[in-house]
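File shown: structure_27.cif. Contents: mmCIF, C-alpha atoms.
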```
data_entry
#
loop_
_atom_site.label_atom_id
_atom_site.label_comp_id
_atom_site.auth_asym_id
_atom_site.auth_seq_id
_atom_site.Cartn_x
_atom_site.Cartn_y
_atom_site.Cartn_z
CA MET A 1 -57.21 127.09 5.83
CA LEU A 2 -56.11 126.96 9.41
CA GLY A 3 -54.63 129.89 11.31
CA LEU A 4 -51.46 128.27 12.56
CA ILE A 5 -49.92 129.74 15.69
CA GLY A 6 -46.45 130.89 14.87
CA SER A 7 -46.03 128.46 11.98
CA ALA A 8 -47.52 130.05 8.87
CA ARG A 9 -45.13 131.86 6.55
CA MET A 10 -46.18 135.12 4.89
CA GLU A 11 -44.69 136.57 1.74
CA GLN A 12 -44.37 140.34 1.72
CA LYS A 13 -47.24 141.89 -0.24
CA GLY A 14 -48.20 145.48 -0.64
CA GLY A 15 -45.50 146.59 1.79
CA TYR A 16 -46.61 144.21 4.56
CA SER A 17 -44.14 141.92 6.31
CA LYS A 18 -44.73 139.71 9.33
CA ASN A 19 -41.31 140.74 10.63
CA ASN A 20 -42.36 144.38 11.10
CA VAL A 21 -44.34 144.86 14.30
CA GLN A 22 -46.14 147.84 12.77
CA ASP A 23 -47.58 145.60 10.06
CA LYS A 24 -49.26 143.23 12.47
CA VAL A 25 -53.01 143.41 12.97
CA LYS A 26 -53.88 145.49 16.01
CA VAL A 27 -55.95 143.58 18.55
CA GLY A 28 -57.49 144.44 21.88
CA ILE A 29 -58.46 142.13 24.71
CA LEU A 30 -61.53 142.85 26.82
CA GLY A 31 -61.39 140.98 30.13
CA THR A 32 -58.32 140.67 32.33
CA GLY A 33 -58.95 137.35 34.08
CA LYS A 34 -57.35 133.96 33.41
CA ILE A 35 -58.65 133.66 29.86
CA GLY A 36 -57.79 137.23 28.90
CA THR A 37 -54.28 137.13 30.37
CA ASP A 38 -53.42 133.78 28.80
CA LEU A 39 -54.79 135.07 25.50
CA LEU A 40 -52.54 138.13 25.81
CA ILE A 41 -49.42 135.97 26.10
CA LYS A 42 -50.48 133.87 23.11
CA ALA A 43 -51.19 137.00 21.06
CA GLN A 44 -47.74 138.37 21.92
CA ARG A 45 -46.21 135.19 20.49
CA SER A 46 -48.14 135.44 17.22
CA PRO A 47 -46.32 136.61 14.09
CA PHE A 48 -49.51 138.28 12.88
CA LEU A 49 -51.08 139.93 15.94
CA ARG A 50 -50.09 142.92 18.08
CA CYS A 51 -52.03 143.64 21.27
CA VAL A 52 -52.46 147.39 21.62
CA MET A 53 -55.00 147.46 24.46
CA PHE A 54 -55.73 145.21 27.44
CA ALA A 55 -58.92 146.43 29.07
CA GLY A 56 -60.88 145.49 32.16
CA ARG A 57 -62.37 147.13 35.23
CA ASN A 58 -60.02 146.37 38.11
CA GLU A 59 -56.90 148.52 38.34
CA ASN A 60 -55.30 146.00 40.71
CA SER A 61 -56.08 142.81 38.81
CA VAL A 62 -53.20 140.41 38.30
CA GLY A 63 -53.88 140.48 34.58
CA ILE A 64 -53.54 144.26 34.36
CA GLN A 65 -50.26 144.07 36.26
CA LYS A 66 -48.93 141.38 33.91
CA ALA A 67 -49.88 143.42 30.85
CA ARG A 68 -48.03 146.41 32.21
CA GLU A 69 -44.97 144.26 32.83
CA LEU A 70 -45.12 143.30 29.16
CA GLY A 71 -45.40 146.94 28.12
CA ILE A 72 -48.96 146.60 26.82
CA PRO A 73 -51.27 149.65 27.13
CA THR A 74 -54.01 149.00 29.69
CA SER A 75 -57.35 150.52 30.62
CA THR A 76 -59.93 150.08 33.36
CA GLN A 77 -62.66 151.58 31.15
CA SER A 78 -63.85 148.16 29.93
CA VAL A 79 -65.50 148.33 26.49
CA ASP A 80 -65.24 152.12 26.45
CA ALA A 81 -61.51 151.72 25.94
CA PHE A 82 -62.28 150.76 22.33
CA THR A 83 -64.95 153.29 21.43
CA GLY A 84 -63.00 156.54 21.26
CA ASP A 85 -60.29 156.25 18.61
CA LEU A 86 -61.67 154.46 15.55
CA ASN A 87 -58.14 153.47 14.55
CA CYS A 88 -57.40 151.95 17.95
CA VAL A 89 -57.90 148.28 17.02
CA ASP A 90 -58.78 146.04 14.10
CA LEU A 91 -60.17 143.21 16.23
CA VAL A 92 -61.27 142.73 19.84
CA PHE A 93 -61.31 139.49 21.80
CA ASP A 94 -64.13 139.59 24.38
CA ALA A 95 -63.07 137.40 27.31
CA THR A 96 -65.65 138.59 29.83
CA SER A 97 -68.98 136.78 30.29
CA ALA A 98 -72.00 135.97 28.15
CA ASP A 99 -74.15 138.63 29.79
CA HIS A 100 -71.45 141.26 29.42
CA HIS A 101 -70.82 140.35 25.79
CA ARG A 102 -74.47 140.87 24.93
CA LYS A 103 -73.97 144.45 26.10
CA HIS A 104 -70.58 144.87 24.45
CA ALA A 105 -71.55 143.44 21.05
CA PRO A 106 -73.80 146.28 19.80
CA ILE A 107 -71.33 148.89 21.07
CA LEU A 108 -68.43 147.36 19.17
CA ALA A 109 -70.58 146.65 16.11
CA ALA A 110 -71.58 150.31 15.94
CA LYS A 111 -67.88 151.14 15.64
CA GLY A 112 -67.35 148.52 12.95
CA ILE A 113 -64.90 146.57 15.10
CA LYS A 114 -64.55 142.86 14.38
CA VAL A 115 -65.09 140.74 17.50
CA VAL A 116 -63.98 137.26 18.50
CA ASP A 117 -66.34 136.35 21.33
CA MET A 118 -64.82 133.98 23.87
CA THR A 119 -68.07 133.68 25.84
CA PRO A 120 -71.04 131.38 25.12
CA ALA A 121 -73.29 134.37 24.37
CA ARG A 122 -73.90 133.12 20.79
CA VAL A 123 -74.43 136.63 19.44
CA GLY A 124 -72.33 136.01 16.33
CA SER A 125 -71.71 133.08 14.01
CA LEU A 126 -70.35 129.89 15.59
CA CYS A 127 -66.78 129.03 14.65
CA VAL A 128 -64.61 125.94 15.03
CA PRO A 129 -61.32 126.69 13.24
CA CYS A 130 -60.69 123.31 11.60
CA LEU A 131 -64.21 123.39 10.14
CA ASN A 132 -65.09 126.98 9.21
CA ASN A 133 -62.17 129.28 9.96
CA ASP A 134 -62.90 131.51 6.95
CA ILE A 135 -66.14 132.70 8.53
CA VAL A 136 -64.14 135.41 10.30
CA LEU A 137 -63.45 137.05 6.92
CA ASN A 138 -67.11 137.91 6.37
CA GLU A 139 -68.68 138.14 9.83
CA LEU A 140 -68.28 141.08 12.20
CA ASN A 141 -68.89 138.94 15.29
CA VAL A 142 -67.56 135.38 15.58
CA ASN A 143 -68.40 133.14 18.54
CA MET A 144 -65.92 130.53 19.77
CA VAL A 145 -68.67 128.30 21.20
CA THR A 146 -67.26 126.80 24.43
CA CYS A 147 -64.28 124.76 25.58
CA GLY A 148 -66.38 121.62 25.39
CA GLY A 149 -67.54 122.57 21.93
CA GLN A 150 -64.03 123.20 20.65
CA SER A 151 -62.80 119.85 21.99
CA SER A 152 -65.71 117.74 20.73
CA ILE A 153 -67.26 119.28 17.61
CA PRO A 154 -64.32 118.40 15.35
CA VAL A 155 -64.80 114.76 16.40
CA PHE A 156 -68.59 114.84 16.15
CA GLU A 157 -68.26 116.19 12.60
CA VAL A 158 -66.07 113.22 11.65
CA LEU A 159 -68.48 110.74 13.26
CA ALA A 160 -71.45 112.24 11.42
CA ARG A 161 -69.57 112.17 8.12
CA VAL A 162 -68.41 108.57 8.50
CA TYR A 163 -71.70 107.33 10.00
CA PRO A 164 -74.63 109.39 8.60
CA ASN A 165 -77.19 107.42 10.63
CA LEU A 166 -76.25 108.68 14.12
CA GLN A 167 -79.36 108.65 16.30
CA SER A 168 -78.12 110.72 19.23
CA VAL A 169 -74.83 112.05 20.61
CA LYS A 170 -73.48 113.01 24.01
CA LEU A 171 -70.55 115.05 25.29
CA HIS A 172 -69.32 114.47 28.83
CA SER A 173 -66.40 116.73 29.73
CA TYR A 174 -64.26 116.58 32.87
CA VAL A 175 -62.31 119.63 34.05
CA THR A 176 -60.32 120.43 37.18
CA PRO A 177 -61.69 122.68 39.95
CA ASP A 178 -59.03 125.37 39.50
CA SER A 179 -59.97 125.78 35.83
CA ILE A 180 -63.49 126.88 36.73
CA GLY A 181 -63.85 130.55 37.59
CA PRO A 182 -66.71 132.93 38.39
CA ALA A 183 -67.42 133.64 34.70
CA THR A 184 -67.78 129.92 33.96
CA ILE A 185 -70.28 129.53 36.78
CA ALA A 186 -72.18 132.62 35.68
CA ASN A 187 -72.25 131.32 32.10
CA ILE A 188 -73.26 127.74 32.89
CA ASP A 189 -76.75 127.85 31.33
CA ASP A 190 -75.33 129.52 28.23
CA TYR A 191 -72.55 126.92 28.19
CA TYR A 192 -75.03 124.06 27.92
CA SER A 193 -77.29 125.81 25.42
CA THR A 194 -74.52 127.01 23.12
CA THR A 195 -72.59 123.73 23.21
CA LYS A 196 -75.71 121.73 22.35
CA ASN A 197 -76.68 124.05 19.51
CA ALA A 198 -73.17 124.07 18.08
CA ILE A 199 -72.82 120.27 18.18
CA SER A 200 -76.16 119.97 16.40
CA GLN A 201 -75.23 122.60 13.81
CA PHE A 202 -71.91 121.04 12.85
CA SER A 203 -72.95 117.37 13.09
CA GLY A 204 -76.53 117.56 11.85
CA VAL A 205 -77.70 115.47 14.83
CA GLU A 206 -80.70 116.93 16.64
CA ASN A 207 -80.67 114.74 19.76
CA VAL A 208 -77.71 116.13 21.74
CA ASN A 209 -76.85 115.83 25.44
CA VAL A 210 -74.08 117.78 27.19
CA VAL A 211 -72.61 117.20 30.67
CA LEU A 212 -69.81 119.15 32.35
CA ASP A 213 -68.21 117.65 35.46
CA VAL A 214 -65.68 119.19 37.82
CA ASP A 215 -63.37 116.28 38.52
CA SER A 216 -60.97 116.41 41.45
CA ALA A 217 -59.81 112.79 41.05
CA PRO A 218 -56.08 112.62 41.83
CA GLY A 219 -55.21 110.61 38.73
CA ARG A 220 -56.53 113.04 36.10
CA ARG A 221 -54.84 116.40 35.53
CA GLU A 222 -56.07 117.52 32.12
CA MET A 223 -59.34 118.18 30.33
CA LEU A 224 -61.06 115.01 29.17
CA SER A 225 -63.98 114.90 26.74
CA VAL A 226 -65.88 111.65 26.37
CA ILE A 227 -67.77 111.67 23.08
CA THR A 228 -70.44 109.04 22.50
CA ALA A 229 -72.94 108.34 19.74
CA VAL A 230 -75.84 105.92 19.49
CA ILE A 231 -75.70 104.08 16.19
CA PRO A 232 -77.35 100.77 15.13
CA GLU A 233 -74.15 99.31 13.68
CA CYS A 234 -70.58 100.49 13.40
CA ASP A 235 -67.54 99.44 11.39
CA LEU A 236 -64.67 100.99 13.37
CA ASP A 237 -62.20 100.45 10.52
CA ARG A 238 -63.95 103.22 8.59
CA LEU A 239 -63.31 105.68 11.41
CA TYR A 240 -59.60 105.30 12.14
CA GLU A 241 -58.12 107.23 9.21
CA PRO A 242 -60.58 110.19 9.19
CA LEU A 243 -60.20 110.51 12.96
CA ARG A 244 -56.40 110.39 12.71
CA ARG A 245 -56.44 113.20 10.14
CA ARG A 246 -58.76 115.28 12.30
CA ILE A 247 -56.52 114.88 15.36
CA GLN A 248 -53.58 116.11 13.27
CA GLU A 249 -55.61 119.10 12.05
CA MET A 250 -56.49 119.99 15.61
CA GLN A 251 -52.90 119.73 16.77
CA GLN A 252 -51.87 122.39 14.27
CA TYR A 253 -53.50 125.02 16.46
CA VAL A 254 -54.09 123.12 19.74
CA PRO A 255 -50.77 121.32 20.34
CA GLY A 256 -52.03 119.52 23.46
CA PHE A 257 -55.06 117.90 21.78
CA THR A 258 -54.72 114.12 21.80
CA LEU A 259 -56.72 110.93 21.42
CA HIS A 260 -56.98 109.70 25.00
CA ARG A 261 -58.34 106.26 24.19
CA ALA A 262 -58.92 104.37 20.96
CA PRO A 263 -62.50 104.37 19.63
CA SER A 264 -64.71 101.55 20.85
CA TYR A 265 -68.17 100.25 20.00
CA ARG A 266 -70.32 98.32 22.44
CA ASP A 267 -74.05 97.74 22.85
CA GLY A 268 -74.92 100.22 20.12
CA VAL A 269 -72.76 103.05 21.49
CA LEU A 270 -69.67 104.43 19.77
CA ARG A 271 -67.19 106.01 22.18
CA VAL A 272 -64.22 108.32 21.54
CA GLU A 273 -62.17 110.02 24.26
CA VAL A 274 -59.99 113.08 23.66
CA ALA A 275 -57.81 114.98 26.11
CA VAL A 276 -56.45 118.52 26.08
CA ARG A 277 -53.31 119.60 27.87
CA GLY A 278 -52.55 123.31 27.80
CA GLN A 279 -49.31 125.07 26.96
CA GLY A 280 -48.97 126.53 30.45
CA ASP A 281 -48.58 130.12 29.25
CA TRP A 282 -50.53 131.76 32.09
CA ILE A 283 -52.94 129.12 33.26
CA PRO A 284 -51.79 125.68 34.50
CA ALA A 285 -51.06 123.17 31.75
CA HIS A 286 -53.74 120.80 33.07
CA ALA A 287 -56.42 123.46 32.44
CA GLY A 288 -56.77 122.38 28.84
CA ASN A 289 -60.36 123.62 28.75
CA LEU A 290 -59.11 127.20 29.04
CA ASP A 291 -56.19 126.68 26.67
CA ILE A 292 -58.19 125.16 23.82
CA ILE A 293 -60.62 128.03 23.44
CA ASN A 294 -57.75 130.54 23.47
CA CYS A 295 -55.82 128.53 20.88
CA ALA A 296 -58.95 128.43 18.72
CA ALA A 297 -59.45 132.18 19.07
CA ILE A 298 -55.85 132.91 18.07
CA ALA A 299 -56.23 130.64 15.02
CA VAL A 300 -59.32 132.59 13.94
CA ALA A 301 -57.68 135.97 14.50
CA GLU A 302 -54.58 134.88 12.57
CA ARG A 303 -56.77 133.80 9.64
CA TYR A 304 -58.23 137.30 9.55
CA ALA A 305 -54.77 138.84 9.95
CA ARG A 306 -53.35 136.94 6.98
CA GLN A 307 -56.17 138.26 4.80
CA PHE A 308 -55.58 141.72 6.21
CA MET A 309 -51.87 141.60 5.43
CA GLU A 310 -52.40 140.23 1.93
CA LEU A 311 -54.98 142.82 0.90
CA GLY A 312 -53.64 145.80 2.81
CA SER A 313 -55.15 148.62 4.77
CA ASN A 314 -57.41 149.89 1.98
CA LEU A 315 -59.81 147.04 2.68
CA TYR A 316 -59.76 147.49 6.46
CA PRO A 317 -60.08 151.13 7.55
CA ASN A 318 -58.62 150.53 11.03
CA ALA A 319 -55.24 149.50 9.65
CA ALA A 320 -53.69 152.96 9.74
#
```
Mind turning the file's structure into structure tokens?
Amino acid sequence: MLGLIGSARMEQKGGYSKNNVQDKVKVGILGTGKIGTDLLIKAQRSPFLRCVMFAGRNENSVGIQKARELGIPTSTQSVDAFTGDLNCVDLVFDATSADHHRKHAPILAAKGIKVVDMTPARVGSLCVPCLNNDIVLNELNVNMVTCGGQSSIPVFEVLARVYPNLQSVKLHSYVTPDSIGPATIANIDDYYSTTKNAISQFSGVENVNVVLDVDSAPGRREMLSVITAVIPECDLDRLYEPLRRRIQEMQQYVPGFTLHRAPSYRDGVLRVEVAVRGQGDWIPAHAGNLDIINCAAIAVAERYARQFMELGSNLYPNAA
């Protein structure tokens, strides 16, 4: 069941009500850059989440200043901000880098804190909300793959289900220069490795190729993912309805996810193009690559929060 941003309706159970801010699941955000700050604004809008700590390293970062404007507690102690008080948070979003998350993960695990990893570190179980959102209920560390993974894996899963004889697949994503930051560059090897592994895991196809292009063409101002698959023969009529349903599922938690061009089949290659336009909360709306992974992370956290609110604080010791 999907974690819908601001759209799911909770009945009051065990004294919990989504209308009481004290009943919301307490989350922390580690990393105060573009991703972390946009995630903060999305979390503030959620009926199930309450950000109680926004932590980084730079006292003068724009993200820290924004959090303070919103009245959110801040820290420059990085991961140490979450290791003192065991009741501080129920869940932490790690929006730093893959290398940093590999250091943070054992520290947070030792404290029993559930983590939604926004980096391609692949420490925890891979999650794509429309496919395996419930994994967050049982795993302490959940990995959100990559922006390219979140935009393409839901489509690859449909292709593999409709056409079981896929020989190879390829993802070619185009993003704008201002949506690529230092962490993305630092993570680039992990980006390719994690995206490939995740596509293979969810589609069952072993032969996977991934390309990420920074596109400054004047006519394109949103993330574009070109998804192709080599297949001996293809009846496109079988694809239209499953793909339509998948697009609708995606739009429940990524409103700007659209089919950019109708599926085509030529010379043994099936081609599907999807685009992502962001909500423009903190990052520009055309930076759909940043928006989609944050939307996916919020969906996962809200799935956990609904379980939390239904079962109460006896199940989750950090609820007090």
Practice item. Have a look at A:Phe308, A:Tyr174, A:Tyr265, A:Phe48 and name the one nearest to A:Glu233; count all atoms listed in the file. Key: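 Counting all atoms listed in the file, the residue closest to A:Glu233 is A:Tyr265.
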Point to revise | Result set of the PyMOL selection byres ((chain A and resi 145) around 9) on the coordinates above, as number ranges by chain | key: A: 117-122, 126-128, 143-144, 146-150, 191, 194-195, 198, 293
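If all atoms listed in the file are the atoms counted, then among A:Pro73, A:Gly288, A:Gly181, A:Gly31 the closest residue to A:Cys51 is A:Pro73.
With atom CA of A:Val169 on one side and atom CA of A:Ala229 on the other, the separation reads 4.3 Å.
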**Study point:** Atom-to-atom span, atom CA of A:Thr228 and atom CA of A:Glu273, Å
**Key:** 8.5 Å
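Taken over the shown file, the PyMOL selection byres ((chain A and resi 204-221) around 8) identifies A:Ala160, A:Leu166, A:Gln167, A:Ser168, A:Val169, A:Lys170, A:Leu171, A:His172, A:Ser173, A:Tyr174, A:Val175, A:Thr176, A:Pro177, A:Tyr192, A:Thr195, A:Lys196, A:Ile199, A:Ser200, A:Gln201, A:Phe202, A:Ser203, A:Glu222, A:Met223, A:His286, A:Ala287.
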Check your understanding: So what does the PyMOL selection byres ((chain A and resi 279) around 8) actually pick up in this one, as number ranges by chain?
Key -> A: 255-256, 277-278, 280-281, 284-285, 291
Adding 3 Å on each side of the box along x, y and z that holds all listed atoms of stretch 197-210 of chain A, could you give its centre and edge lengths in Å to one decimal, as AutoDock Vina command-line options?
```
--center_x -76.3 --center_y 119.4 --center_z 19.5 --size_x 14.8 --size_y 15.3 --size_z 21.3
```
Review point. So how many Å separate atom CA of A:Ala297 and atom CA of A:Lys42, to one decimal?
Key: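 Atom-to-atom, atom CA of A:Ala297 and atom CA of A:Lys42 are spaced 10.0 Å apart.
Between A:Leu236 and the residues A:Val162, A:Gln77, A:Glu249, A:Arg306, the shortest atom-to-atom distance, using only C-alpha atoms, involves A:Val162.
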**Study point:** A:Ser152, A:Thr184, A:Thr37, A:Thr96 ranked by distance to A:Val62, top pick (using only C-alpha atoms)
**Key:**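 Ranked by minimum distance to A:Val62, first place goes to A:Thr37.
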**Study point:** Pick from A:Ile64, A:Val116, A:Cys88, A:Leu259, whichever lies nearest to A:Arg50 using all atoms listed in the file
**Key:** A:Cys88
**Study point:** Counting all atoms listed in the file, the residue of A:Asn58, A:Gln44, A:Ser125, A:Asn132 that sits nearest A:Ile298
**Key:**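 Using all atoms listed in the file, the shortest distance to A:Ile298 belongs to A:Gln44.
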**Study point:** Residues within 9 Å of stretch 240-247 of chain A, all atoms listed in the file, excluding chain neighbours under 3 positions, as a PyMOL selection string
**Key:** chain A and resi 130+154-155+158-159+162+236-237+250-252+257-259+262-263
Can you spit out the residues from that selection as a PDB file, keeping the file's coordinate frame, using C-alpha atoms?
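Dumped to result.pdb:
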```pdb
ATOM      1  CA  CYS A 130     -60.690 123.310  11.600  1.00  0.00           C
ATOM      2  CA  PRO A 154     -64.320 118.400  15.350  1.00  0.00           C
ATOM      3  CA  VAL A 155     -64.800 114.760  16.400  1.00  0.00           C
ATOM      4  CA  VAL A 158     -66.070 113.220  11.650  1.00  0.00           C
ATOM      5  CA  LEU A 159     -68.480 110.740  13.260  1.00  0.00           C
ATOM      6  CA  VAL A 162     -68.410 108.570   8.500  1.00  0.00           C
ATOM      7  CA  LEU A 236     -64.670 100.990  13.370  1.00  0.00           C
ATOM      8  CA  ASP A 237     -62.200 100.450  10.520  1.00  0.00           C
ATOM      9  CA  MET A 250     -56.490 119.990  15.610  1.00  0.00           C
ATOM     10  CA  GLN A 251     -52.900 119.730  16.770  1.00  0.00           C
ATOM     11  CA  GLN A 252     -51.870 122.390  14.270  1.00  0.00           C
ATOM     12  CA  PHE A 257     -55.060 117.900  21.780  1.00  0.00           C
ATOM     13  CA  THR A 258     -54.720 114.120  21.800  1.00  0.00           C
ATOM     14  CA  LEU A 259     -56.720 110.930  21.420  1.00  0.00           C
ATOM     15  CA  ALA A 262     -58.920 104.370  20.960  1.00  0.00           C
ATOM     16  CA  PRO A 263     -62.500 104.370  19.630  1.00  0.00           C
TER      17      PRO A 263
END
```
Practice item. Please return, as a ChimeraX atom specification, all polymer residues that have at least one atom within 12 Å of the point (-64.4, 133.6, 8.9); use only C-alpha atoms and the file's own coordinate frame. Key: /A:1-3,114-116,124-144,297,299-307
